>>> print(open('model15.cif').read())   # mmCIF, C-alpha atoms
data_my_file
#
loop_
_atom_site.label_atom_id
_atom_site.label_comp_id
_atom_site.auth_asym_id
_atom_site.auth_seq_id
_atom_site.Cartn_x
_atom_site.Cartn_y
_atom_site.Cartn_z
CA MET A 1 -10.95 -60.37 51.60
CA ALA A 2 -7.78 -58.36 52.02
CA ASN A 3 -7.31 -58.11 48.26
CA LYS A 4 -10.94 -57.10 47.78
CA ALA A 5 -10.66 -54.43 50.43
CA LYS A 6 -7.46 -53.17 48.84
CA GLN A 7 -9.18 -52.97 45.48
CA ASP A 8 -12.13 -51.12 46.99
CA ASN A 9 -9.81 -48.52 48.51
CA GLN A 10 -7.87 -47.88 45.30
CA VAL A 11 -8.39 -44.51 43.53
CA PRO A 12 -9.79 -44.92 40.00
CA ALA A 13 -7.21 -44.39 37.26
CA VAL A 14 -7.39 -41.31 35.02
CA SER A 15 -8.23 -42.27 31.46
CA ASN A 16 -6.12 -39.51 29.86
CA THR A 17 -2.69 -39.59 31.48
CA ASP A 18 -1.37 -36.88 29.14
CA ASP A 19 -3.88 -34.22 30.22
CA PRO A 20 -5.25 -34.70 33.73
CA LEU A 21 -7.36 -31.57 33.30
CA SER A 22 -9.26 -33.04 30.33
CA ARG A 23 -11.62 -34.97 32.55
CA PRO A 24 -15.01 -33.34 33.22
CA LEU A 25 -15.01 -30.70 35.92
CA ALA A 26 -16.98 -31.48 39.04
CA PRO A 27 -20.08 -29.29 39.26
CA PHE A 28 -20.30 -26.54 41.83
CA ARG A 29 -22.37 -27.47 44.83
CA ILE A 30 -24.17 -25.39 47.40
CA LYS A 31 -22.94 -26.35 50.84
CA LEU A 32 -25.43 -26.26 53.67
CA LYS A 33 -24.59 -26.11 57.33
CA ARG A 34 -27.21 -27.04 59.82
CA SER A 35 -27.40 -24.76 62.79
CA SER A 36 -28.37 -25.72 66.34
CA GLU A 37 -31.98 -24.97 65.49
CA GLY A 38 -31.79 -27.21 62.43
CA ALA A 39 -32.09 -24.42 59.86
CA GLY A 40 -29.98 -24.60 56.68
CA VAL A 41 -27.60 -21.70 56.13
CA ILE A 42 -26.08 -21.11 52.70
CA MET A 43 -22.31 -20.89 53.14
CA SER A 44 -21.24 -20.39 49.53
CA LEU A 45 -23.25 -19.35 46.54
CA LEU A 46 -21.92 -17.84 43.31
CA SER A 47 -24.07 -15.54 41.27
CA GLU A 48 -24.25 -15.88 37.51
CA ARG A 49 -21.85 -12.98 37.09
CA GLN A 50 -19.40 -14.53 39.53
CA LYS A 51 -19.61 -17.85 37.69
CA GLU A 52 -18.87 -16.15 34.38
CA GLU A 53 -15.89 -14.35 35.79
CA LEU A 54 -14.56 -17.54 37.34
CA HIS A 55 -14.85 -19.36 34.00
CA LYS A 56 -13.04 -16.50 32.28
CA SER A 57 -10.22 -16.59 34.78
CA MET A 58 -9.93 -20.37 34.46
CA LEU A 59 -9.64 -20.02 30.69
CA GLU A 60 -6.81 -17.53 31.01
CA TYR A 61 -5.06 -19.74 33.55
CA LEU A 62 -5.23 -22.80 31.28
CA ARG A 63 -3.90 -20.89 28.29
CA ALA A 64 -1.08 -19.31 30.28
CA ASN A 65 0.05 -22.74 31.57
CA ASN A 66 -0.25 -24.51 28.19
CA PHE A 67 -3.05 -26.91 29.19
CA THR A 68 -4.09 -27.15 25.56
CA SER A 69 -6.80 -29.82 25.71
CA ALA A 70 -8.56 -28.35 28.71
CA TYR A 71 -8.19 -24.89 27.22
CA ASN A 72 -9.74 -25.92 23.89
CA ALA A 73 -12.60 -27.67 25.63
CA LEU A 74 -13.38 -24.66 27.78
CA LYS A 75 -12.76 -22.25 24.95
CA GLU A 76 -15.76 -23.54 23.01
CA GLU A 77 -17.96 -22.14 25.72
CA THR A 78 -15.93 -19.14 26.73
CA ALA A 79 -13.97 -18.10 23.64
CA LYS A 80 -15.46 -14.62 23.73
CA TYR A 81 -13.83 -13.95 27.12
CA ALA A 82 -10.19 -14.14 25.96
CA GLY A 83 -8.00 -11.42 27.49
CA LEU A 84 -10.28 -11.03 30.50
CA LEU A 85 -7.54 -10.70 33.11
CA GLU A 86 -5.82 -7.98 31.13
CA LYS A 87 -9.14 -6.23 30.69
CA LYS A 88 -9.92 -6.54 34.39
CA TRP A 89 -6.58 -5.07 35.41
CA THR A 90 -6.92 -2.37 32.77
CA SER A 91 -10.33 -1.54 34.23
CA VAL A 92 -8.80 -1.31 37.70
CA ILE A 93 -6.14 1.10 36.41
CA ARG A 94 -8.81 3.17 34.67
CA LEU A 95 -10.83 3.29 37.88
CA GLN A 96 -7.78 4.32 39.88
CA LYS A 97 -7.07 7.12 37.41
CA LYS A 98 -10.69 8.22 37.60
CA ILE A 99 -10.49 8.29 41.40
CA MET A 100 -7.32 10.40 41.24
CA ASP A 101 -8.99 12.78 38.79
CA LEU A 102 -12.00 13.10 41.10
CA GLU A 103 -9.74 13.74 44.10
CA THR A 104 -7.93 16.45 42.15
CA ARG A 105 -11.25 17.98 41.13
CA ASN A 106 -12.45 17.84 44.72
CA ALA A 107 -9.31 19.63 45.92
CA SER A 108 -9.82 22.27 43.25
CA LEU A 109 -13.43 22.79 44.30
CA GLN A 110 -12.39 23.03 47.94
CA GLU A 111 -9.85 25.71 47.04
CA GLU A 112 -12.44 27.54 44.98
CA LEU A 113 -14.85 27.37 47.90
CA SER A 114 -12.21 28.76 50.25
CA LEU A 115 -11.79 31.65 47.83
CA ALA A 116 -15.48 32.53 47.78
CA PRO A 117 -16.19 36.23 47.17
CA SER A 118 -16.11 37.15 50.86
CA LYS A 119 -12.85 35.28 51.47
CA ARG A 120 -11.28 36.48 48.25
CA ALA A 121 -12.03 40.02 49.32
CA ALA A 122 -10.32 39.38 52.66
CA MET A 123 -7.09 38.71 50.74
CA GLN A 124 -7.39 41.58 48.27
CA ALA A 125 -4.51 43.99 48.49
CA ASP A 126 -6.65 46.96 47.41
CA TRP A 127 -9.63 46.41 49.73
CA VAL A 128 -11.08 49.49 51.42
CA PRO A 129 -14.12 49.83 53.73
CA ARG A 130 -17.51 50.07 52.11
CA ALA A 131 -21.01 50.35 53.55
CA PRO A 132 -22.67 48.71 55.29
CA ALA A 133 -20.48 47.83 58.26
CA ALA A 134 -20.26 44.13 59.14
CA HIS A 135 -20.89 44.74 62.86
CA VAL A 136 -22.13 47.64 64.96
CA LEU A 137 -20.97 47.35 68.57
CA THR A 138 -22.92 49.22 71.22
CA GLY A 139 -22.49 49.40 74.98
CA HIS A 140 -20.62 52.58 75.84
CA ARG A 141 -22.72 55.28 77.48
CA GLN A 142 -20.74 58.24 76.16
CA SER A 143 -18.53 59.15 73.20
CA ILE A 144 -15.84 56.66 72.16
CA THR A 145 -12.41 58.24 72.01
CA ARG A 146 -10.16 55.44 70.70
CA VAL A 147 -10.14 51.85 69.41
CA ALA A 148 -7.19 49.44 69.16
CA PHE A 149 -6.82 45.95 67.68
CA HIS A 150 -5.12 43.09 69.49
CA PRO A 151 -2.03 41.98 67.49
CA GLN A 152 -2.75 38.23 67.77
CA TYR A 153 -6.42 37.57 68.47
CA SER A 154 -9.70 38.88 67.10
CA LEU A 155 -10.04 41.31 69.99
CA LEU A 156 -10.70 45.03 69.94
CA ALA A 157 -10.32 47.47 72.84
CA SER A 158 -12.31 50.68 73.01
CA ALA A 159 -11.86 53.71 75.28
CA SER A 160 -14.69 56.07 76.14
CA GLU A 161 -15.68 59.25 77.90
CA ASP A 162 -17.76 57.03 80.21
CA ALA A 163 -14.44 56.22 82.03
CA THR A 164 -14.41 52.57 80.89
CA ILE A 165 -12.53 50.35 78.47
CA LYS A 166 -14.44 47.59 76.73
CA ILE A 167 -13.09 44.45 75.06
CA TRP A 168 -14.90 43.02 72.01
CA ASP A 169 -14.55 40.12 69.60
CA TRP A 170 -14.52 41.90 66.25
CA GLU A 171 -15.05 38.70 64.20
CA THR A 172 -18.34 37.84 65.88
CA GLY A 173 -19.32 41.30 67.11
CA GLU A 174 -19.68 39.94 70.65
CA PHE A 175 -18.95 41.93 73.81
CA GLU A 176 -16.29 40.35 76.04
CA ARG A 177 -15.81 42.48 79.17
CA THR A 178 -15.54 45.97 80.71
CA LEU A 179 -12.39 47.27 82.40
CA LYS A 180 -12.98 49.79 85.20
CA GLY A 181 -10.35 51.76 87.07
CA HIS A 182 -10.20 55.26 85.65
CA GLN A 183 -12.28 57.98 87.26
CA LYS A 184 -12.65 60.29 84.26
CA VAL A 185 -12.60 60.24 80.45
CA VAL A 186 -10.33 57.54 78.97
CA ASN A 187 -8.55 59.29 76.11
CA ASP A 188 -6.39 56.58 74.57
CA VAL A 189 -5.78 52.82 74.50
CA GLU A 190 -3.00 50.70 72.96
CA PHE A 191 -1.81 47.06 73.01
CA ASP A 192 1.86 46.18 73.19
CA HIS A 193 3.33 44.30 70.22
CA LYS A 194 2.67 40.88 71.77
CA GLY A 195 -0.82 41.69 73.00
CA HIS A 196 0.07 40.81 76.60
CA LEU A 197 -0.36 44.33 77.98
CA LEU A 198 -2.89 47.09 77.35
CA VAL A 199 -2.09 50.69 78.24
CA THR A 200 -4.68 53.43 78.77
CA CYS A 201 -4.57 57.10 79.77
CA SER A 202 -7.19 59.38 81.20
CA ALA A 203 -8.20 62.87 82.23
CA ASP A 204 -7.76 61.62 85.82
CA LEU A 205 -3.95 62.14 85.27
CA PHE A 206 -3.24 58.39 85.43
CA ILE A 207 -1.75 55.94 82.95
CA LYS A 208 -2.81 52.35 83.62
CA ILE A 209 -1.44 49.04 82.36
CA TRP A 210 -3.74 46.01 82.15
CA ASP A 211 -2.60 42.38 81.87
CA SER A 212 -4.57 40.50 79.21
CA GLN A 213 -3.10 37.18 80.43
CA ASN A 214 -4.22 37.76 84.02
CA GLU A 215 -7.95 38.39 83.74
CA TRP A 216 -7.25 41.90 82.41
CA LYS A 217 -6.22 43.10 85.86
CA ASN A 218 -4.84 46.60 86.33
CA VAL A 219 -1.25 45.63 87.21
CA LYS A 220 0.47 49.04 87.07
CA THR A 221 -0.50 52.69 87.46
CA LEU A 222 1.88 55.42 86.31
CA THR A 223 1.82 59.02 87.50
CA GLY A 224 3.75 62.15 86.63
CA HIS A 225 1.59 64.39 84.45
CA ASP A 226 0.11 67.53 85.94
CA HIS A 227 -2.97 67.60 83.72
CA ALA A 228 -5.16 65.27 81.66
CA VAL A 229 -3.20 62.64 79.70
CA SER A 230 -4.37 62.74 76.09
CA SER A 231 -2.24 60.12 74.33
CA VAL A 232 -0.15 57.05 75.15
CA ARG A 233 1.86 54.57 73.07
CA PHE A 234 4.29 51.67 73.56
CA LEU A 235 7.74 52.35 72.12
CA PRO A 236 9.16 49.56 69.89
CA GLY A 237 10.41 46.79 72.16
CA ASP A 238 7.62 47.44 74.69
CA GLN A 239 10.07 48.41 77.46
CA TYR A 240 8.90 52.02 77.52
CA ILE A 241 5.74 53.98 76.94
CA VAL A 242 5.44 57.57 75.76
CA SER A 243 2.58 59.88 76.73
CA ALA A 244 1.33 63.37 75.89
CA SER A 245 -0.68 65.70 78.08
CA TRP A 246 -2.57 68.94 78.53
CA ASP A 247 0.42 70.01 80.67
CA HIS A 248 2.26 70.70 77.35
CA SER A 249 4.73 67.86 77.95
CA ILE A 250 5.69 64.51 76.50
CA ARG A 251 6.90 61.93 79.01
CA ILE A 252 8.62 58.57 78.70
CA PHE A 253 8.10 55.90 81.38
CA ASP A 254 9.81 52.58 82.08
CA VAL A 255 7.17 49.85 81.98
CA ALA A 256 8.85 47.47 84.44
CA SER A 257 9.61 50.01 87.17
CA THR A 258 6.92 52.60 86.25
CA HIS A 259 9.59 55.28 86.77
CA LEU A 260 9.60 58.47 84.74
CA VAL A 261 12.62 58.31 82.41
CA ARG A 262 12.42 61.59 80.51
CA THR A 263 10.27 64.69 80.15
CA ILE A 264 10.25 66.41 76.75
CA ARG A 265 9.02 69.97 76.40
CA GLY A 266 8.66 72.02 73.27
CA HIS A 267 4.98 72.73 72.70
CA THR A 268 3.31 75.82 74.08
CA ASP A 269 -0.13 74.29 74.46
CA TRP A 270 -1.97 70.99 74.91
CA VAL A 271 -0.12 68.10 73.25
CA ARG A 272 -2.96 66.26 71.57
CA CYS A 273 -1.12 63.23 70.22
CA VAL A 274 2.28 61.50 70.27
CA THR A 275 3.47 58.50 68.26
CA PRO A 276 6.86 56.78 67.73
CA SER A 277 8.38 55.84 64.39
CA ASP A 278 8.57 52.13 63.54
CA ASP A 279 12.24 51.98 64.51
CA GLY A 280 11.72 54.03 67.68
CA ARG A 281 14.30 56.64 66.70
CA LEU A 282 11.82 59.50 66.40
CA LEU A 283 8.73 60.79 68.17
CA ALA A 284 6.08 62.84 66.36
CA SER A 285 3.67 65.03 68.33
CA ALA A 286 0.64 67.12 67.42
CA SER A 287 -0.53 70.06 69.50
CA LYS A 288 -3.17 72.68 70.03
CA ASP A 289 -0.44 75.27 69.30
CA HIS A 290 -1.01 74.58 65.56
CA THR A 291 2.29 72.74 65.17
CA ALA A 292 3.61 69.22 64.87
CA LYS A 293 7.10 68.44 66.15
CA ILE A 294 9.69 65.71 65.71
CA PHE A 295 11.80 64.73 68.75
CA ASP A 296 14.67 62.38 69.54
CA PRO A 297 13.33 60.12 72.33
CA LEU A 298 16.82 59.37 73.64
CA THR A 299 17.87 62.99 74.19
CA GLY A 300 14.56 64.88 74.06
CA GLU A 301 16.05 67.12 71.38
CA GLN A 302 13.63 68.72 68.94
CA LYS A 303 14.58 67.66 65.41
CA MET A 304 11.96 69.50 63.39
CA GLU A 305 8.91 71.72 63.67
CA LEU A 306 6.15 71.32 61.12
CA ARG A 307 4.09 74.46 60.55
CA GLY A 308 1.22 75.11 58.19
CA HIS A 309 -1.99 74.19 59.97
CA GLU A 310 -4.38 77.02 60.79
CA HIS A 311 -5.91 75.27 63.77
CA GLN A 312 -4.93 72.75 66.43
CA VAL A 313 -3.34 69.58 65.06
CA GLU A 314 -5.44 66.60 66.11
CA ILE A 315 -3.48 63.61 64.84
CA ILE A 316 -0.10 62.70 63.38
CA CYS A 317 1.41 59.45 62.13
CA PHE A 318 4.55 58.28 60.33
CA ALA A 319 4.15 57.03 56.77
CA PRO A 320 5.23 53.40 56.31
CA ILE A 321 8.08 52.62 53.92
CA THR A 322 5.56 51.11 51.49
CA SER A 323 4.09 54.61 51.00
CA TYR A 324 7.34 56.41 50.16
CA ASP A 325 7.18 55.86 46.40
CA ALA A 326 3.59 57.11 46.14
CA ILE A 327 4.37 60.18 48.27
CA ARG A 328 7.50 60.95 46.26
CA GLU A 329 5.41 60.78 43.10
CA LEU A 330 2.86 63.12 44.66
CA ALA A 331 5.52 65.62 45.73
CA GLY A 332 7.67 65.29 42.62
CA ILE A 333 10.67 64.01 44.57
CA PRO A 334 12.99 61.79 42.45
CA ASN A 335 13.10 58.17 43.57
CA THR A 336 16.89 58.41 43.59
CA ASP A 337 16.78 61.04 46.35
CA ARG A 338 16.73 58.68 49.33
CA THR A 339 17.78 61.34 51.84
CA ARG A 340 14.32 62.86 51.92
CA ARG A 341 12.02 60.64 53.90
CA PRO A 342 8.39 61.77 53.71
CA GLY A 343 6.26 61.55 56.84
CA ASP A 344 2.51 62.12 56.90
CA LEU A 345 2.84 64.20 53.73
CA TRP A 346 5.59 66.23 55.37
CA ASP A 347 9.33 65.86 54.93
CA THR A 348 10.61 65.12 58.45
CA GLN A 349 14.10 66.41 57.67
CA SER A 350 13.28 69.69 55.95
CA GLY A 351 9.90 70.38 57.58
CA GLN A 352 8.43 71.01 54.14
CA MET A 353 4.73 70.27 53.65
CA LEU A 354 4.49 67.98 50.64
CA LYS A 355 0.74 68.04 50.03
CA ASN A 356 -2.43 69.41 51.55
CA LEU A 357 -5.32 66.94 51.08
CA ALA A 358 -8.50 69.03 51.06
CA GLY A 359 -11.96 67.49 51.04
CA HIS A 360 -13.37 67.01 54.52
CA ASP A 361 -16.02 69.49 55.69
CA ASN A 362 -14.96 69.42 59.36
CA TRP A 363 -12.04 68.58 61.64
CA VAL A 364 -10.01 65.51 60.73
CA ARG A 365 -9.62 63.27 63.81
CA ALA A 366 -7.87 60.10 62.60
CA LEU A 367 -5.45 58.92 59.91
CA VAL A 368 -4.55 55.36 58.85
CA PHE A 369 -2.27 54.26 56.00
CA HIS A 370 -3.54 51.45 53.80
CA PRO A 371 -1.42 48.25 53.96
CA SER A 372 -0.58 48.59 50.26
CA GLY A 373 1.05 51.96 50.95
CA LYS A 374 -0.86 53.50 48.06
CA LEU A 375 -3.83 54.88 49.99
CA LEU A 376 -4.53 56.94 53.11
CA LEU A 377 -7.76 56.74 55.13
CA SER A 378 -9.04 59.67 57.19
CA ALA A 379 -11.95 60.08 59.61
CA SER A 380 -13.63 63.37 60.35
CA ASP A 381 -16.26 65.28 62.27
CA ASP A 382 -18.15 65.44 58.96
CA LYS A 383 -19.20 61.81 59.82
CA THR A 384 -17.29 60.28 56.93
CA ILE A 385 -14.28 58.12 56.21
CA ARG A 386 -12.40 59.19 53.09
CA VAL A 387 -9.91 57.21 51.02
CA TRP A 388 -7.09 59.17 49.37
CA GLU A 389 -4.85 58.02 46.52
CA LEU A 390 -1.38 59.07 47.66
CA SER A 391 0.22 59.26 44.22
CA THR A 392 -2.30 61.90 43.05
CA GLY A 393 -3.75 63.33 46.26
CA ARG A 394 -7.29 62.60 45.03
CA CYS A 395 -10.14 61.45 47.25
CA ILE A 396 -11.28 58.27 45.50
CA LYS A 397 -13.94 57.11 47.95
CA THR A 398 -16.17 58.57 50.66
CA VAL A 399 -17.91 56.31 53.17
CA GLU A 400 -20.86 57.72 55.12
CA ALA A 401 -19.67 56.00 58.26
CA HIS A 402 -21.45 57.38 61.35
CA THR A 403 -24.36 59.53 62.43
CA HIS A 404 -22.08 61.88 64.40
CA PHE A 405 -18.43 62.92 64.61
CA VAL A 406 -15.94 60.11 63.82
CA ALA A 407 -13.21 60.32 66.46
CA THR A 408 -11.06 57.25 65.83
CA LEU A 409 -10.05 54.85 63.09
CA ALA A 410 -7.85 51.73 63.23
CA TRP A 411 -6.69 49.04 60.80
CA GLY A 412 -6.45 45.46 62.06
CA ARG A 413 -3.03 44.03 62.79
CA GLN A 414 -1.88 40.47 63.35
CA ARG A 415 1.37 38.86 64.38
CA MET A 416 2.36 35.98 62.09
CA SER A 417 3.66 32.61 63.32
CA GLY A 418 4.76 31.62 59.79
CA LYS A 419 4.76 32.80 56.21
CA ALA A 420 1.42 34.01 54.98
CA ASN A 421 0.09 36.46 52.46
CA GLY A 422 -1.30 39.48 54.21
CA ALA A 423 -3.34 42.42 53.07
CA ASP A 424 -0.16 44.01 51.80
CA GLY A 425 0.35 41.08 49.45
CA ALA A 426 3.85 40.33 50.75
CA ASP A 427 5.21 37.31 52.56
CA SER A 428 5.41 37.77 56.31
CA LYS A 429 8.30 36.43 58.33
CA PRO A 430 7.67 34.52 61.58
CA GLY A 431 6.92 36.94 64.39
CA GLU A 432 6.44 39.84 61.98
CA GLU A 433 3.38 42.01 62.34
CA LYS A 434 1.17 42.58 59.32
CA LEU A 435 -2.08 44.37 58.65
CA VAL A 436 -5.21 42.37 57.88
CA ASN A 437 -8.35 43.52 56.12
CA VAL A 438 -10.49 44.79 58.96
CA VAL A 439 -11.12 48.40 59.97
CA ALA A 440 -12.78 49.78 63.10
CA SER A 441 -14.21 53.26 63.51
CA ALA A 442 -16.04 54.97 66.38
CA GLY A 443 -17.04 58.36 67.70
CA VAL A 444 -19.62 60.55 69.32
CA ASP A 445 -22.57 58.35 68.30
CA GLN A 446 -21.32 55.76 70.87
CA MET A 447 -21.12 53.07 68.20
CA ILE A 448 -18.12 51.05 67.05
CA LYS A 449 -18.36 49.92 63.46
CA ILE A 450 -16.41 46.95 62.13
CA TRP A 451 -15.74 47.08 58.40
CA LEU A 452 -14.96 43.74 56.80
CA PRO A 453 -14.71 42.48 53.19
#
>>> encode(input="model15.cif", output="structure tokens")
Amino acid sequence: MANKAKQDNQVPAVSNTDDPLSRPLAPFRIKLKRSSEGAGVIMSLLSERQKEELHKSMLEYLRANNFTSAYNALKEETAKYAGLLEKKWTSVIRLQKKIMDLETRNASLQEELSLAPSKRAAMQADWVPRAPAAHVLTGHRQSITRVAFHPQYSLLASASEDATIKIWDWETGEFERTLKGHQKVVNDVEFDHKGHLLVTCSADLFIKIWDSQNEWKNVKTLTGHDHAVSSVRFLPGDQYIVSASWDHSIRIFDVASTHLVRTIRGHTDWVRCVTPSDDGRLLASASKDHTAKIFDPLTGEQKMELRGHEHQVEIICFAPITSYDAIRELAGIPNTDRTRRPGDLWDTQSGQMLKNLAGHDNWVRALVFHPSGKLLLSASDDKTIRVWELSTGRCIKTVEAHTHFVATLAWGRQRMSGKANGADGADSKPGEEKLVNVVASAGVDQMIKIWLP
């Protein structure tokens, strides 16, 4: 009995001891598992394609391991599948390459989409306003005297004869809020270089400072002028502000203490406008006495008087360094003569007028240099904005901008946190201010127009 049981439990011997794989392969079976409800669930089932691939792989395995008999037996059925593994891996590599090509193409399309015509125009170094305006902002009840862009955000401040200042989102054209505090016409408005403070001046004799980080509250009020204040600007560094008035004076105030630091006199009539140079070493003023003057803000000394206008001078601005070459070409000044620094088509050292740009049919109220330095934009009571080529003095474009006098014009500015290509086409250093392609204009028709690419 014991021997019989031992024989029954013995594993049958393999007939071919040289090639254990030569015996017939056991057929694949479908395994069924009975669930609690008694239903059969298929646990493993190979499709015909899967079976073929398995056979191919087995053939390659047998050949690679030198199982000759098994390989020859299986080869009769699957000889046409030799090299399958290599082909499969080659296919995988081809698919991976195709995926990489598609990803590259997708990135290229995304870049092309980001540079759609409207966005490409926003980056163009030679962009100038063209009709129609992207947004028309309405809300003021009287003429708009000045507009100013925030240096960091898509905000625009506007001053009006209705004694209010309004804040707008120029990207969306939405109204944000109204600032009230002045009792008469608000003549000017300006952000500091960080955008934290907003300064305004009015015919009520007051200069007010508003805190954009504290619900736009009026945090300081400066006094000292004896007549309407017509113009106000932050000096570079934002520690001081300079103002001009109907009292014929220019005054400099300390922002922190609100104390009057210096009074500069030199004009014989209403000082219409005052603006500092980029380095803060000079002040330029325009007056009803038909003159423009250059002053030293530290001493109050008059450096130069610019004569030539036949009527009151409405606006004055310093030319940026990027414009010097074009202005020198216009005036015939050699590029090697670096001692003559042109300013607003005048030489600020000699007082010589370099060029008279004639073309407007009425008073010119605003001037803005193009970021490229090659163009100058002007706004006028003839309801137009004109674009001048500085190297030739020609008017190359006229935009029918408003239905009434155009009183103010501003080019968008933005403070950069890193390197980026601006409208001027140059790399911007961190913290450096650059101009972006957006222009705002406004005037007597009580409308602010936003010009975008």
>>> atom_distance(input="model15.cif", atom1="atom CA of A:Val136", atom2="atom CA of A:Trp451")
9.2 Å
>>> axis_aligned_box(input="model15.cif", around="stretch 367-380 of chain A", padding_each_side="5 Å", output="AutoDock Vina command-line options")
--center_x -6.3 --center_y 55.8 --center_z 54.2 --size_x 24.7 --size_y 25.1 --size_z 22.3
>>> atom_distance(input="model15.cif", atom1="atom CA of A:Val255", atom2="atom CA of A:Gln239")
5.6 Å
>>> resolve_selection(input="model15.cif", expression="the PyMOL selection byres ((chain A and resi 131) around 9)", output="list in words")
Pro129, Arg130, Pro132, Ala133, Ala134, Val399, Glu400, Ala401 and Trp451 of chain A
>>> closest_residue(input="model15.cif", among="A:Pro236, A:Ser230, A:Asp169, A:His309", to="A:Lys184", atoms="only C-alpha atoms")
A:Ser230
>>> resolve_selection(input="model15.cif", expression="the PyMOL selection byres ((chain A and resi 450) around 10)", output="VMD selection string")
chain A and resid 129 132 to 137 156 170 to 171 173 410 438 to 442 447 to 449 451 to 452
>>> resolve_selection(input="model15.cif", expression="the PyMOL selection byres ((chain A and resi 316-322) around 9)", output="compact mmCIF listing (two decimals) with C-alpha atoms, keeping the file's coordinate frame")
# COMPACT_ATOMS: atom_id res chain seq x y z
CA CYS A 273 -1.12 63.23 70.22
CA VAL A 274 2.28 61.50 70.27
CA THR A 275 3.47 58.50 68.26
CA PRO A 276 6.86 56.78 67.73
CA SER A 277 8.38 55.84 64.39
CA ASP A 278 8.57 52.13 63.54
CA ALA A 284 6.08 62.84 66.36
CA SER A 285 3.67 65.03 68.33
CA ALA A 286 0.64 67.12 67.42
CA ALA A 292 3.61 69.22 64.87
CA VAL A 313 -3.34 69.58 65.06
CA GLU A 314 -5.44 66.60 66.11
CA ILE A 315 -3.48 63.61 64.84
CA SER A 323 4.09 54.61 51.00
CA TYR A 324 7.34 56.41 50.16
CA ASP A 325 7.18 55.86 46.40
CA ALA A 326 3.59 57.11 46.14
CA ARG A 341 12.02 60.64 53.90
CA PRO A 342 8.39 61.77 53.71
CA GLY A 343 6.26 61.55 56.84
CA ASP A 344 2.51 62.12 56.90
CA LEU A 345 2.84 64.20 53.73
CA ALA A 366 -7.87 60.10 62.60
CA LEU A 367 -5.45 58.92 59.91
CA VAL A 368 -4.55 55.36 58.85
CA PHE A 369 -2.27 54.26 56.00
CA PRO A 371 -1.42 48.25 53.96
CA SER A 372 -0.58 48.59 50.26
CA GLY A 373 1.05 51.96 50.95
CA LYS A 374 -0.86 53.50 48.06
>>> closest_residue(input="model15.cif", among="A:Val186, A:Ile333, A:Leu102, A:Ala125", to="A:His140", atoms="all atoms listed in the file")
A:Val186
>>> atom_distance(input="model15.cif", atom1="atom CA of A:Ile241", atom2="atom CA of A:Ile165")
18.7 Å
>>> residues_near_point(input="model15.cif", point="(3.9, 42.3, 69.6)", cutoff="7 Å", atoms="all atoms listed in the file", output="MDAnalysis selection string")
chainID A and resid 151 192:195 415
>>> residues_around(input="model15.cif", residues="A:His182", least_positions_apart="4", cutoff="8 Å", atoms="only C-alpha atoms", output="VMD selection string")
chain A and resid 163 to 164 186 202 204 206
>>> residues_near_point(input="model15.cif", point="(12.4, 60.5, 84.8)", cutoff="12 Å", atoms="all atoms listed in the file", output="PDB file with C-alpha atoms, in the coordinates of the input")
ATOM      1  CA  LEU A 222       1.880  55.420  86.310  1.00  0.00           C
ATOM      2  CA  THR A 223       1.820  59.020  87.500  1.00  0.00           C
ATOM      3  CA  GLY A 224       3.750  62.150  86.630  1.00  0.00           C
ATOM      4  CA  HIS A 225       1.590  64.390  84.450  1.00  0.00           C
ATOM      5  CA  TYR A 240       8.900  52.020  77.520  1.00  0.00           C
ATOM      6  CA  VAL A 242       5.440  57.570  75.760  1.00  0.00           C
ATOM      7  CA  ILE A 250       5.690  64.510  76.500  1.00  0.00           C
ATOM      8  CA  ARG A 251       6.900  61.930  79.010  1.00  0.00           C
ATOM      9  CA  ILE A 252       8.620  58.570  78.700  1.00  0.00           C
ATOM     10  CA  PHE A 253       8.100  55.900  81.380  1.00  0.00           C
ATOM     11  CA  ASP A 254       9.810  52.580  82.080  1.00  0.00           C
ATOM     12  CA  SER A 257       9.610  50.010  87.170  1.00  0.00           C
ATOM     13  CA  THR A 258       6.920  52.600  86.250  1.00  0.00           C
ATOM     14  CA  HIS A 259       9.590  55.280  86.770  1.00  0.00           C
ATOM     15  CA  LEU A 260       9.600  58.470  84.740  1.00  0.00           C
ATOM     16  CA  VAL A 261      12.620  58.310  82.410  1.00  0.00           C
ATOM     17  CA  ARG A 262      12.420  61.590  80.510  1.00  0.00           C
ATOM     18  CA  THR A 263      10.270  64.690  80.150  1.00  0.00           C
ATOM     19  CA  ILE A 264      10.250  66.410  76.750  1.00  0.00           C
ATOM     20  CA  GLY A 300      14.560  64.880  74.060  1.00  0.00           C
TER      21      GLY A 300
END
